[in-house]
>>> print(open('final.pdb').read())   # PDB, C-alpha atoms, pLDDT in the B column
ATOM      1  CA  MET A 102      -5.633  19.657  10.165  1.00 64.00           C
ATOM      2  CA  ARG A 103      -6.340  15.922  10.235  1.00 73.00           C
ATOM      3  CA  ARG A 104      -8.218  16.167   6.964  1.00 79.00           C
ATOM      4  CA  TRP A 105      -5.319  17.906   5.210  1.00 86.00           C
ATOM      5  CA  GLY A 106      -2.498  16.149   7.048  1.00 90.00           C
ATOM      6  CA  TRP A 107      -1.741  14.038   3.980  1.00 92.00           C
ATOM      7  CA  LEU A 108      -0.733  17.170   2.075  1.00 94.00           C
ATOM      8  CA  VAL A 109       1.727  18.126   4.809  1.00 94.00           C
ATOM      9  CA  VAL A 110       3.222  14.631   4.746  1.00 94.00           C
ATOM     10  CA  LEU A 111       3.529  14.736   0.967  1.00 95.00           C
ATOM     11  CA  LEU A 112       5.086  18.210   0.789  1.00 96.00           C
ATOM     12  CA  VAL A 113       7.559  17.602   3.615  1.00 96.00           C
ATOM     13  CA  GLY A 114       8.509  14.237   2.141  1.00 95.00           C
ATOM     14  CA  VAL A 115       9.092  15.679  -1.324  1.00 95.00           C
ATOM     15  CA  VAL A 116      11.205  18.520   0.081  1.00 96.00           C
ATOM     16  CA  LEU A 117      13.340  16.090   2.084  1.00 96.00           C
ATOM     17  CA  PHE A 118      13.743  13.784  -0.920  1.00 95.00           C
ATOM     18  CA  GLU A 119      14.816  16.647  -3.170  1.00 94.00           C
ATOM     19  CA  ALA A 120      17.239  17.932  -0.528  1.00 96.00           C
ATOM     20  CA  VAL A 121      18.892  14.527  -0.207  1.00 95.00           C
ATOM     21  CA  ARG A 122      19.007  14.113  -3.984  1.00 93.00           C
ATOM     22  CA  ARG A 123      20.678  17.489  -4.560  1.00 94.00           C
ATOM     23  CA  VAL A 124      23.262  16.939  -1.839  1.00 95.00           C
ATOM     24  CA  LEU A 125      23.978  13.480  -3.250  1.00 93.00           C
ATOM     25  CA  LEU A 126      24.513  14.909  -6.733  1.00 91.00           C
ATOM     26  CA  VAL A 127      26.858  17.585  -5.409  1.00 93.00           C
ATOM     27  CA  THR A 128      28.895  15.474  -2.996  1.00 93.00           C
ATOM     28  CA  GLN A 129      28.640  12.070  -4.726  1.00 89.00           C
ATOM     29  CA  ASN A 130      28.516  10.582  -1.229  1.00 92.00           C
ATOM     30  CA  PRO A 131      27.158   7.001  -1.543  1.00 90.00           C
ATOM     31  CA  ASN A 132      26.104   7.046   2.122  1.00 93.00           C
ATOM     32  CA  LEU A 133      23.118   9.159   1.059  1.00 94.00           C
ATOM     33  CA  VAL A 134      21.788   6.595  -1.407  1.00 93.00           C
ATOM     34  CA  PRO A 135      19.812   4.548   1.187  1.00 93.00           C
ATOM     35  CA  SER A 136      18.147   7.739   2.456  1.00 94.00           C
ATOM     36  CA  LEU A 137      17.223   8.712  -1.101  1.00 94.00           C
ATOM     37  CA  ILE A 138      15.671   5.324  -1.855  1.00 95.00           C
ATOM     38  CA  LEU A 139      13.864   5.190   1.502  1.00 95.00           C
ATOM     39  CA  LEU A 140      12.289   8.610   1.081  1.00 94.00           C
ATOM     40  CA  GLY A 141      11.431   8.016  -2.554  1.00 93.00           C
ATOM     41  CA  ALA A 142       9.705   4.747  -1.719  1.00 94.00           C
ATOM     42  CA  ALA A 143       7.885   5.818   1.439  1.00 94.00           C
ATOM     43  CA  VAL A 144       6.584   9.353   0.844  1.00 95.00           C
ATOM     44  CA  ALA A 145       3.624   8.546  -1.433  1.00 94.00           C
ATOM     45  CA  PRO A 146       2.411   5.510   0.587  1.00 94.00           C
ATOM     46  CA  ALA A 147       2.680   7.479   3.848  1.00 95.00           C
ATOM     47  CA  ALA A 148       0.733  10.379   2.354  1.00 95.00           C
ATOM     48  CA  PHE A 149      -2.031   8.076   1.097  1.00 95.00           C
ATOM     49  CA  VAL A 150      -2.391   6.312   4.460  1.00 94.00           C
ATOM     50  CA  THR A 151      -2.642   9.737   6.112  1.00 93.00           C
ATOM     51  CA  PHE A 152      -5.252  10.714   3.518  1.00 93.00           C
ATOM     52  CA  VAL A 153      -7.403   7.652   4.286  1.00 92.00           C
ATOM     53  CA  LEU A 154      -6.961   8.128   8.051  1.00 90.00           C
ATOM     54  CA  GLY A 155      -8.160  11.718   7.710  1.00 88.00           C
ATOM     55  CA  ARG A 156     -11.463  10.790   6.074  1.00 85.00           C
ATOM     56  CA  ARG A 157     -14.605  10.986   8.173  1.00 83.00           C
ATOM     57  CA  LEU A 158     -14.986   7.241   8.498  1.00 84.00           C
ATOM     58  CA  ASP A 159     -15.940   5.544  11.749  1.00 82.00           C
ATOM     59  CA  TYR A 160     -12.556   4.133  12.763  1.00 84.00           C
ATOM     60  CA  SER A 161     -11.811   2.509  16.113  1.00 83.00           C
ATOM     61  CA  ILE A 162      -8.056   2.368  15.508  1.00 84.00           C
ATOM     62  CA  GLY A 163      -5.656   5.307  15.558  1.00 82.00           C
ATOM     63  CA  ALA A 164      -2.468   6.520  13.909  1.00 84.00           C
ATOM     64  CA  GLY A 165      -0.015   4.684  16.188  1.00 86.00           C
ATOM     65  CA  PRO A 166      -1.360   1.161  15.587  1.00 87.00           C
ATOM     66  CA  ILE A 167      -1.728   1.948  11.893  1.00 91.00           C
ATOM     67  CA  ALA A 168       1.964   2.864  11.657  1.00 91.00           C
ATOM     68  CA  LEU A 169       2.800  -0.463  13.325  1.00 91.00           C
ATOM     69  CA  VAL A 170       0.549  -2.325  10.881  1.00 92.00           C
ATOM     70  CA  ALA A 171       2.292  -0.617   7.959  1.00 93.00           C
ATOM     71  CA  PHE A 172       5.717  -1.636   9.257  1.00 92.00           C
ATOM     72  CA  LEU A 173       4.890  -5.208  10.228  1.00 90.00           C
ATOM     73  CA  GLY A 174       2.558  -5.743   7.288  1.00 89.00           C
ATOM     74  CA  GLY A 175       5.249  -4.603   4.892  1.00 90.00           C
ATOM     75  CA  VAL A 176       8.030  -6.729   6.373  1.00 92.00           C
ATOM     76  CA  VAL A 177       5.945  -9.867   6.874  1.00 90.00           C
ATOM     77  CA  GLY A 178       4.276  -9.451   3.502  1.00 88.00           C
ATOM     78  CA  VAL A 179       7.519  -9.014   1.561  1.00 90.00           C
ATOM     79  CA  VAL A 180       9.244 -11.903   3.337  1.00 89.00           C
ATOM     80  CA  ALA A 181       6.285 -14.273   2.993  1.00 85.00           C
ATOM     81  CA  ALA A 182       5.640 -13.353  -0.637  1.00 83.00           C
ATOM     82  CA  GLY A 183       9.326 -13.648  -1.529  1.00 82.00           C
ATOM     83  CA  LEU A 184       9.631 -17.068   0.091  1.00 81.00           C
ATOM     84  CA  LEU A 185       6.435 -18.470  -1.408  1.00 77.00           C
ATOM     85  CA  GLU A 186       7.219 -17.149  -4.870  1.00 70.00           C
ATOM     86  CA  PHE A 187      10.752 -18.554  -4.662  1.00 63.00           C
ATOM     87  CA  ASP A 188       9.472 -22.011  -3.678  1.00 63.00           C
ATOM     88  CA  ALA A 189       6.855 -21.928  -6.435  1.00 60.00           C
ATOM     89  CA  LEU A 190       9.450 -20.922  -9.024  1.00 57.00           C
ATOM     90  CA  ARG A 191      11.710 -23.774  -7.985  1.00 53.00           C
ATOM     91  CA  SER A 192       8.921 -26.336  -8.213  1.00 57.00           C
ATOM     92  CA  LEU A 193       7.049 -25.052 -11.264  1.00 54.00           C
ATOM     93  CA  GLY A 194       9.853 -23.490 -13.269  1.00 50.00           C
ATOM     94  CA  ALA A 195       7.588 -20.515 -14.094  1.00 46.00           C
ATOM     95  CA  LEU A 196       5.019 -18.723 -11.994  1.00 58.00           C
ATOM     96  CA  PRO A 197       1.825 -17.510 -13.681  1.00 71.00           C
ATOM     97  CA  MET A 198       0.790 -13.949 -12.914  1.00 74.00           C
ATOM     98  CA  LEU A 199      -2.319 -15.272 -11.189  1.00 79.00           C
ATOM     99  CA  GLY A 200      -0.098 -17.164  -8.751  1.00 80.00           C
ATOM    100  CA  VAL A 201       1.937 -14.039  -8.010  1.00 82.00           C
ATOM    101  CA  ALA A 202      -1.244 -12.061  -7.329  1.00 85.00           C
ATOM    102  CA  LEU A 203      -2.666 -14.734  -5.015  1.00 86.00           C
ATOM    103  CA  ILE A 204       0.584 -15.053  -3.065  1.00 86.00           C
ATOM    104  CA  GLU A 205       1.146 -11.333  -2.634  1.00 87.00           C
ATOM    105  CA  GLU A 206      -2.452 -10.487  -1.756  1.00 89.00           C
ATOM    106  CA  SER A 207      -2.481 -13.302   0.813  1.00 88.00           C
ATOM    107  CA  ALA A 208       0.872 -12.279   2.309  1.00 89.00           C
ATOM    108  CA  LYS A 209      -0.262  -8.684   2.752  1.00 91.00           C
ATOM    109  CA  LEU A 210      -3.278  -9.877   4.763  1.00 90.00           C
ATOM    110  CA  VAL A 211      -1.251 -11.358   7.637  1.00 90.00           C
ATOM    111  CA  ALA A 212      -1.084  -8.136   9.667  1.00 89.00           C
ATOM    112  CA  PRO A 213      -4.723  -7.112   8.968  1.00 89.00           C
ATOM    113  CA  LEU A 214      -5.843 -10.608  10.008  1.00 87.00           C
ATOM    114  CA  VAL A 215      -4.067 -10.219  13.355  1.00 87.00           C
ATOM    115  CA  VAL A 216      -5.738  -6.847  13.895  1.00 86.00           C
ATOM    116  CA  LEU A 217      -9.114  -8.356  13.029  1.00 83.00           C
ATOM    117  CA  LEU A 218      -8.641 -11.195  15.518  1.00 82.00           C
ATOM    118  CA  VAL A 219      -7.557  -8.808  18.295  1.00 82.00           C
ATOM    119  CA  THR A 220     -10.411  -6.343  17.698  1.00 75.00           C
ATOM    120  CA  ALA A 221     -13.068  -8.851  16.668  1.00 64.00           C
ATOM    121  CA  ARG A 222     -15.653  -7.654  19.173  1.00 61.00           C
ATOM    122  CA  ARG A 223     -15.055  -3.908  19.100  1.00 66.00           C
ATOM    123  CA  GLY A 224     -13.733  -3.412  15.574  1.00 65.00           C
ATOM    124  CA  ARG A 225     -15.642  -1.344  13.049  1.00 74.00           C
ATOM    125  CA  ALA A 226     -16.272  -1.756   9.355  1.00 73.00           C
ATOM    126  CA  ALA A 227     -13.861   1.010   8.362  1.00 84.00           C
ATOM    127  CA  ASP A 228     -10.994  -0.605  10.287  1.00 87.00           C
ATOM    128  CA  GLY A 229     -10.597  -3.345   7.686  1.00 87.00           C
ATOM    129  CA  LEU A 230     -10.148  -0.848   4.887  1.00 90.00           C
ATOM    130  CA  LEU A 231      -7.713   1.291   6.894  1.00 92.00           C
ATOM    131  CA  VAL A 232      -5.437  -1.523   8.086  1.00 93.00           C
ATOM    132  CA  GLY A 233      -5.470  -2.996   4.588  1.00 93.00           C
ATOM    133  CA  VAL A 234      -4.314   0.273   3.054  1.00 95.00           C
ATOM    134  CA  ALA A 235      -1.611   0.550   5.732  1.00 95.00           C
ATOM    135  CA  SER A 236      -0.361  -3.003   5.164  1.00 94.00           C
ATOM    136  CA  GLY A 237      -0.349  -2.415   1.418  1.00 94.00           C
ATOM    137  CA  ALA A 238       1.601   0.800   1.968  1.00 95.00           C
ATOM    138  CA  GLY A 239       4.327  -0.989   3.905  1.00 94.00           C
ATOM    139  CA  PHE A 240       4.542  -3.709   1.273  1.00 94.00           C
ATOM    140  CA  ALA A 241       4.643  -1.199  -1.586  1.00 94.00           C
ATOM    141  CA  ALA A 242       7.358   0.893   0.081  1.00 94.00           C
ATOM    142  CA  LEU A 243       9.653  -2.068   0.752  1.00 94.00           C
ATOM    143  CA  GLU A 244       9.078  -3.510  -2.707  1.00 92.00           C
ATOM    144  CA  THR A 245       9.873  -0.147  -4.295  1.00 94.00           C
ATOM    145  CA  MET A 246      13.065   0.095  -2.248  1.00 94.00           C
ATOM    146  CA  GLY A 247      14.070  -3.290  -3.619  1.00 92.00           C
ATOM    147  CA  TYR A 248      13.377  -2.259  -7.199  1.00 92.00           C
ATOM    148  CA  GLY A 249      15.264   0.986  -6.686  1.00 92.00           C
ATOM    149  CA  PHE A 250      18.322  -0.842  -5.358  1.00 93.00           C
ATOM    150  CA  VAL A 251      18.296  -3.347  -8.221  1.00 92.00           C
ATOM    151  CA  VAL A 252      18.060  -0.558 -10.803  1.00 93.00           C
ATOM    152  CA  LEU A 253      20.898   1.303  -9.098  1.00 92.00           C
ATOM    153  CA  VAL A 254      23.155  -1.741  -9.295  1.00 91.00           C
ATOM    154  CA  ARG A 255      22.235  -2.702 -12.850  1.00 92.00           C
ATOM    155  CA  SER A 256      22.641   0.857 -14.136  1.00 91.00           C
ATOM    156  CA  ASN A 257      26.060   1.230 -12.504  1.00 89.00           C
ATOM    157  CA  GLY A 258      24.883   3.957 -10.168  1.00 86.00           C
ATOM    158  CA  ASP A 259      22.639   5.938 -12.543  1.00 88.00           C
ATOM    159  CA  LEU A 260      20.546   8.083 -10.177  1.00 87.00           C
ATOM    160  CA  GLY A 261      18.313   9.183 -13.042  1.00 88.00           C
ATOM    161  CA  ALA A 262      17.149   5.603 -13.568  1.00 90.00           C
ATOM    162  CA  VAL A 263      16.504   5.259  -9.839  1.00 91.00           C
ATOM    163  CA  ASP A 264      14.484   8.496  -9.816  1.00 89.00           C
ATOM    164  CA  ASP A 265      12.307   7.169 -12.640  1.00 90.00           C
ATOM    165  CA  VAL A 266      11.543   3.950 -10.752  1.00 90.00           C
ATOM    166  CA  LEU A 267      10.799   5.763  -7.488  1.00 91.00           C
ATOM    167  CA  LEU A 268       8.548   8.312  -9.206  1.00 87.00           C
ATOM    168  CA  LEU A 269       6.578   5.756 -11.223  1.00 87.00           C
ATOM    169  CA  ARG A 270       6.035   3.320  -8.391  1.00 88.00           C
ATOM    170  CA  GLY A 271       5.406   6.106  -5.884  1.00 86.00           C
ATOM    171  CA  VAL A 272       2.646   7.621  -8.012  1.00 85.00           C
ATOM    172  CA  LEU A 273       1.053   4.246  -8.778  1.00 88.00           C
ATOM    173  CA  SER A 274       1.317   2.615  -5.322  1.00 89.00           C
ATOM    174  CA  PRO A 275      -1.969   4.052  -3.940  1.00 89.00           C
ATOM    175  CA  ALA A 276      -3.809   2.649  -6.961  1.00 89.00           C
ATOM    176  CA  ALA A 277      -2.067  -0.723  -6.793  1.00 91.00           C
ATOM    177  CA  HIS A 278      -0.997  -2.544  -3.615  1.00 92.00           C
ATOM    178  CA  MET A 279      -2.685  -0.116  -1.255  1.00 94.00           C
ATOM    179  CA  ALA A 280      -6.053  -0.145  -2.984  1.00 94.00           C
ATOM    180  CA  TRP A 281      -6.086  -3.909  -3.491  1.00 94.00           C
ATOM    181  CA  THR A 282      -5.111  -4.716   0.099  1.00 93.00           C
ATOM    182  CA  GLY A 283      -7.633  -2.187   1.375  1.00 92.00           C
ATOM    183  CA  LEU A 284     -10.301  -4.134  -0.513  1.00 91.00           C
ATOM    184  CA  THR A 285      -9.089  -7.592   0.524  1.00 90.00           C
ATOM    185  CA  ALA A 286      -8.748  -6.582   4.178  1.00 90.00           C
ATOM    186  CA  ALA A 287     -12.299  -5.248   3.999  1.00 84.00           C
ATOM    187  CA  ALA A 288     -13.239  -8.712   2.709  1.00 82.00           C
ATOM    188  CA  LEU A 289     -11.799 -10.173   5.919  1.00 83.00           C
ATOM    189  CA  TRP A 290     -14.212  -7.984   7.851  1.00 79.00           C
ATOM    190  CA  TYR A 291     -17.066  -9.400   5.765  1.00 74.00           C
ATOM    191  CA  LEU A 292     -15.843 -12.944   6.495  1.00 77.00           C
ATOM    192  CA  ALA A 293     -15.786 -12.246  10.219  1.00 73.00           C
ATOM    193  CA  ARG A 294     -19.451 -11.316   9.986  1.00 71.00           C
ATOM    194  CA  ARG A 295     -20.290 -14.389   7.877  1.00 69.00           C
ATOM    195  CA  ARG A 296     -20.909 -12.451   4.673  1.00 71.00           C
ATOM    196  CA  THR A 297     -19.015 -15.051   2.691  1.00 73.00           C
ATOM    197  CA  GLY A 298     -20.440 -14.171  -0.721  1.00 74.00           C
ATOM    198  CA  ARG A 299     -19.374 -10.531  -0.539  1.00 75.00           C
ATOM    199  CA  ALA A 300     -15.981 -11.455   0.854  1.00 77.00           C
ATOM    200  CA  LEU A 301     -15.200 -13.893  -1.936  1.00 83.00           C
ATOM    201  CA  LEU A 302     -16.332 -11.399  -4.569  1.00 87.00           C
ATOM    202  CA  VAL A 303     -14.031  -8.685  -3.184  1.00 86.00           C
ATOM    203  CA  LEU A 304     -11.098 -11.106  -3.011  1.00 86.00           C
ATOM    204  CA  VAL A 305     -11.639 -12.272  -6.586  1.00 89.00           C
ATOM    205  CA  VAL A 306     -11.848  -8.694  -7.867  1.00 91.00           C
ATOM    206  CA  ALA A 307      -8.663  -7.627  -6.050  1.00 91.00           C
ATOM    207  CA  VAL A 308      -6.688 -10.640  -7.285  1.00 90.00           C
ATOM    208  CA  ALA A 309      -8.009 -10.118 -10.826  1.00 91.00           C
ATOM    209  CA  LEU A 310      -6.885  -6.472 -10.782  1.00 93.00           C
ATOM    210  CA  HIS A 311      -3.467  -7.461  -9.467  1.00 91.00           C
ATOM    211  CA  THR A 312      -3.093 -10.176 -12.099  1.00 89.00           C
ATOM    212  CA  THR A 313      -4.096  -7.818 -14.897  1.00 91.00           C
ATOM    213  CA  TRP A 314      -1.687  -5.155 -13.636  1.00 90.00           C
ATOM    214  CA  ASP A 315       1.221  -7.605 -13.702  1.00 84.00           C
ATOM    215  CA  SER A 316       0.233  -8.896 -17.141  1.00 84.00           C
ATOM    216  CA  VAL A 317      -0.072  -5.624 -19.045  1.00 84.00           C
ATOM    217  CA  GLY A 318       2.228  -2.687 -19.663  1.00 75.00           C
ATOM    218  CA  GLY A 319       2.055   0.954 -20.662  1.00 80.00           C
ATOM    219  CA  PHE A 320       0.754   4.103 -19.019  1.00 82.00           C
ATOM    220  CA  VAL A 321      -2.699   3.852 -20.599  1.00 87.00           C
ATOM    221  CA  ALA A 322      -3.336   0.364 -19.207  1.00 89.00           C
ATOM    222  CA  TYR A 323      -1.968   1.328 -15.800  1.00 89.00           C
ATOM    223  CA  GLY A 324      -4.080   4.491 -15.846  1.00 89.00           C
ATOM    224  CA  VAL A 325      -7.274   2.548 -16.528  1.00 92.00           C
ATOM    225  CA  LEU A 326      -6.500  -0.006 -13.812  1.00 93.00           C
ATOM    226  CA  ALA A 327      -5.611   2.796 -11.396  1.00 92.00           C
ATOM    227  CA  VAL A 328      -8.961   4.498 -11.968  1.00 93.00           C
ATOM    228  CA  VAL A 329     -10.824   1.209 -11.502  1.00 94.00           C
ATOM    229  CA  SER A 330      -8.897   0.253  -8.347  1.00 94.00           C
ATOM    230  CA  LEU A 331      -9.243   3.644  -6.672  1.00 93.00           C
ATOM    231  CA  GLY A 332     -12.858   3.855  -7.799  1.00 94.00           C
ATOM    232  CA  LEU A 333     -13.693   0.564  -6.099  1.00 92.00           C
ATOM    233  CA  LEU A 334     -11.854   1.616  -2.930  1.00 92.00           C
ATOM    234  CA  THR A 335     -13.659   4.970  -2.894  1.00 91.00           C
ATOM    235  CA  GLY A 336     -17.013   3.331  -3.551  1.00 89.00           C
ATOM    236  CA  PHE A 337     -16.504   0.910  -0.688  1.00 86.00           C
ATOM    237  CA  ALA A 338     -15.427   3.743   1.636  1.00 87.00           C
ATOM    238  CA  HIS A 339     -18.594   5.723   0.843  1.00 86.00           C
ATOM    239  CA  ARG A 340     -20.728   2.744   1.876  1.00 82.00           C
ATOM    240  CA  LEU A 341     -19.093   2.605   5.304  1.00 78.00           C
ATOM    241  CA  PRO A 342     -20.483   4.408   8.383  1.00 72.00           C
ATOM    242  CA  HIS A 343     -19.142   7.959   8.845  1.00 71.00           C
ATOM    243  CA  ARG A 344     -18.402   9.587  12.179  1.00 67.00           C
ATOM    244  CA  ALA A 345     -20.038  12.763  13.390  1.00 55.00           C
ATOM    245  CA  PRO A 346     -18.231  16.041  12.541  1.00 56.00           C
ATOM    246  CA  ASP A 347     -17.227  16.589  16.193  1.00 50.00           C
ATOM    247  CA  ALA A 348     -16.099  13.001  16.837  1.00 55.00           C
ATOM    248  CA  VAL A 349     -12.493  12.352  17.787  1.00 52.00           C
ATOM    249  CA  VAL A 350     -10.413   9.703  16.014  1.00 53.00           C
ATOM    250  CA  PRO A 351      -8.354   7.486  18.402  1.00 57.00           C
ATOM    251  CA  ALA A 352      -4.656   8.320  18.494  1.00 54.00           C
TER     252      ALA A 352
END
>>> encode(input="final.pdb", output="structure tokens")
Amino acid sequence: MRRWGWLVVLLVGVVLFEAVRRVLLVTQNPNLVPSLILLGAAVAPAAFVTFVLGRRLDYSIGAGPIALVAFLGGVVGVVAAGLLEFDALRSLGALPMLGVALIEESAKLVAPLVVLLVTARRGRAADGLLVGVASGAGFAALETMGYGFVVLVRSNGDLGAVDDVLLLRGVLSPAAHMAWTGLTAAALWYLARRRTGRALLVLVVAVALHTTWDSVGGFVAYGVLAVVSLGLLTGFAHRLPHRAPDAVVPA
């Protein structure tokens, strides 16, 4: 059940989203709009975190702390990134895509860094990847909610435009913020063990992918970057220690 829990999360989330959307279309009740945007932004990230948590990696952290990391990592990351980007825009007049990538990838690492400091002695290699994915999930969900709200306002309440934004960003979020932060948080684990060269390489790769993503457009380019990002995350996960088949993951 743990291995396939992500599918349950995804199916239940999609059913709830569609139920809210249909009721909203029938009743035209604006009170349902926040629920629609919340579900649309959170279902895919939640399913991907559950997918990673269900892999047979040697974690020392369970579902409860991971949910907290996703919440705090998302809020702190969005606030920090928004503030830093705003200050940079005021001082520079224009913010290069490289600057955006550096700011956002750094902001998303606040919560994973706290976890690393707290569990420095008993933490495991897989923990960095897991808390990074969770922090990226929280950031992606909140950012998508913001984009959905902006589109709703600018389109004068066009729910079709909002659906398009939620679908696109929901599908791409595991291959974007979640994959990159999973890699950069894993780099923090390398730094804690004085593997500076590997850590810097992972950080540079993640920031480069983020910068490229923000600089290009089109489904083909996003598809290629998605394959590369998820491929790197999968490759790193396969190099991590795996738990025994009968081992129990902390709750």
>>> closest_residue(input="final.pdb", among="A:Val113, A:Val306, A:Leu184, A:Ala212", to="A:Ala147", atoms="only C-alpha atoms")
A:Val113
>>> resolve_selection(input="final.pdb", expression="the PyMOL selection byres ((chain A and resi 327) around 9)", output="list in words")
Leu273, Pro275, Ala276, Ala277, Ala280, Ala322, Tyr323, Gly324, Val325, Leu326, Val328, Val329, Ser330, Leu331 and Gly332 of chain A
>>> resolve_selection(input="final.pdb", expression="the PyMOL selection byres ((chain A and resi 106) around 10)", output="ChimeraX atom specification")
/A:102-105,107-111,148,151-152,154-155
>>> closest_atom_pairs(input="final.pdb", of="stretch 201-225 of chain A", to="stretch 283-292 of chain A", cutoff="8 Å", atoms="only C-alpha atoms", output="Markdown table")
| residue | atom | partner | partner_atom | distance |
| --- | --- | --- | --- | --- |
| A:Glu206 | CA | A:Thr285 | CA | 7.6 |
| A:Leu210 | CA | A:Ala286 | CA | 6.4 |
| A:Pro213 | CA | A:Ala286 | CA | 6.3 |
| A:Leu214 | CA | A:Leu289 | CA | 7.2 |
| A:Leu217 | CA | A:Trp290 | CA | 7.3 |
>>> resolve_selection(input="final.pdb", expression="the PyMOL selection byres ((chain A and resi 260) around 10)", output="list of chain:residue names")
A:Arg122, A:Leu125, A:Leu126, A:Val134, A:Leu137, A:Gly249, A:Val252, A:Leu253, A:Ser256, A:Asn257, A:Gly258, A:Asp259, A:Gly261, A:Ala262, A:Val263, A:Asp264, A:Asp265, A:Val266
>>> atom_distance(input="final.pdb", atom1="atom CA of A:Phe337", atom2="atom CA of A:His311")
17.8 Å
>>> atom_distance(input="final.pdb", atom1="atom CA of A:Phe320", atom2="atom CA of A:Leu269")
9.9 Å
>>> atom_distance(input="final.pdb", atom1="atom CA of A:Leu230", atom2="atom CA of A:Asp159")
11.0 Å
>>> axis_aligned_box(input="final.pdb", around="stretch 159-171 of chain A", padding_each_side="4 Å", output="JSON")
{"center_x": -6.6, "center_y": 2.1, "center_z": 12.1, "size_x": 26.7, "size_y": 16.8, "size_z": 16.2}
>>> closest_residue(input="final.pdb", among="A:Val216, A:Leu133, A:Met279, A:Leu267", to="A:Ala293", atoms="only C-alpha atoms")
A:Val216
>>> residues_around(input="final.pdb", residues="A:Phe250", least_positions_apart="4", cutoff="8 Å", atoms="only C-alpha atoms", output="list in words")
Ile138, Met246, Val254 and Val263 of chain A
>>> residues_near_point(input="final.pdb", point="(-3.9, -8.4, -15.0)", cutoff="10 Å", atoms="all atoms listed in the file", output="mmCIF file with C-alpha atoms, keeping the file's coordinate frame")
data_model
loop_
_atom_site.group_PDB
_atom_site.id
_atom_site.type_symbol
_atom_site.label_atom_id
_atom_site.label_comp_id
_atom_site.auth_asym_id
_atom_site.auth_seq_id
_atom_site.Cartn_x
_atom_site.Cartn_y
_atom_site.Cartn_z
ATOM 1 C CA MET A 198 0.790 -13.949 -12.914
ATOM 2 C CA LEU A 199 -2.319 -15.272 -11.189
ATOM 3 C CA ALA A 202 -1.244 -12.061 -7.329
ATOM 4 C CA VAL A 308 -6.688 -10.640 -7.285
ATOM 5 C CA ALA A 309 -8.009 -10.118 -10.826
ATOM 6 C CA LEU A 310 -6.885 -6.472 -10.782
ATOM 7 C CA HIS A 311 -3.467 -7.461 -9.467
ATOM 8 C CA THR A 312 -3.093 -10.176 -12.099
ATOM 9 C CA THR A 313 -4.096 -7.818 -14.897
ATOM 10 C CA TRP A 314 -1.687 -5.155 -13.636
ATOM 11 C CA ASP A 315 1.221 -7.605 -13.702
ATOM 12 C CA SER A 316 0.233 -8.896 -17.141
ATOM 13 C CA VAL A 317 -0.072 -5.624 -19.045
ATOM 14 C CA GLY A 318 2.228 -2.687 -19.663
ATOM 15 C CA ALA A 322 -3.336 0.364 -19.207
ATOM 16 C CA TYR A 323 -1.968 1.328 -15.800
ATOM 17 C CA LEU A 326 -6.500 -0.006 -13.812
#
>>> closest_residue(input="final.pdb", among="A:Leu112, A:Ala235, A:Leu301, A:Pro197", to="A:Ile167", atoms="all atoms listed in the file")
A:Ala235
>>> closest_residue(input="final.pdb", among="A:Thr220, A:Ser207, A:Ser136, A:Thr128", to="A:Val305", atoms="all atoms listed in the file")
A:Ser207
>>> closest_residue(input="final.pdb", among="A:Pro342, A:Pro131, A:Gly239, A:Gly298", to="A:Ser161", atoms="all atoms listed in the file")
A:Pro342
>>> closest_residue(input="final.pdb", among="A:Thr245, A:Ser274, A:Thr282, A:Ser236", to="A:Phe172", atoms="only C-alpha atoms")
A:Ser236
>>> residues_around(input="final.pdb", residues="A:Phe240", least_positions_apart="2", cutoff="7 Å", atoms="all atoms listed in the file", output="list in words")
Gly174, Gly175, Val176, Gly178, Val179, Ser236, Gly237, Ala238, Ala242, Leu243 and Glu244 of chain A
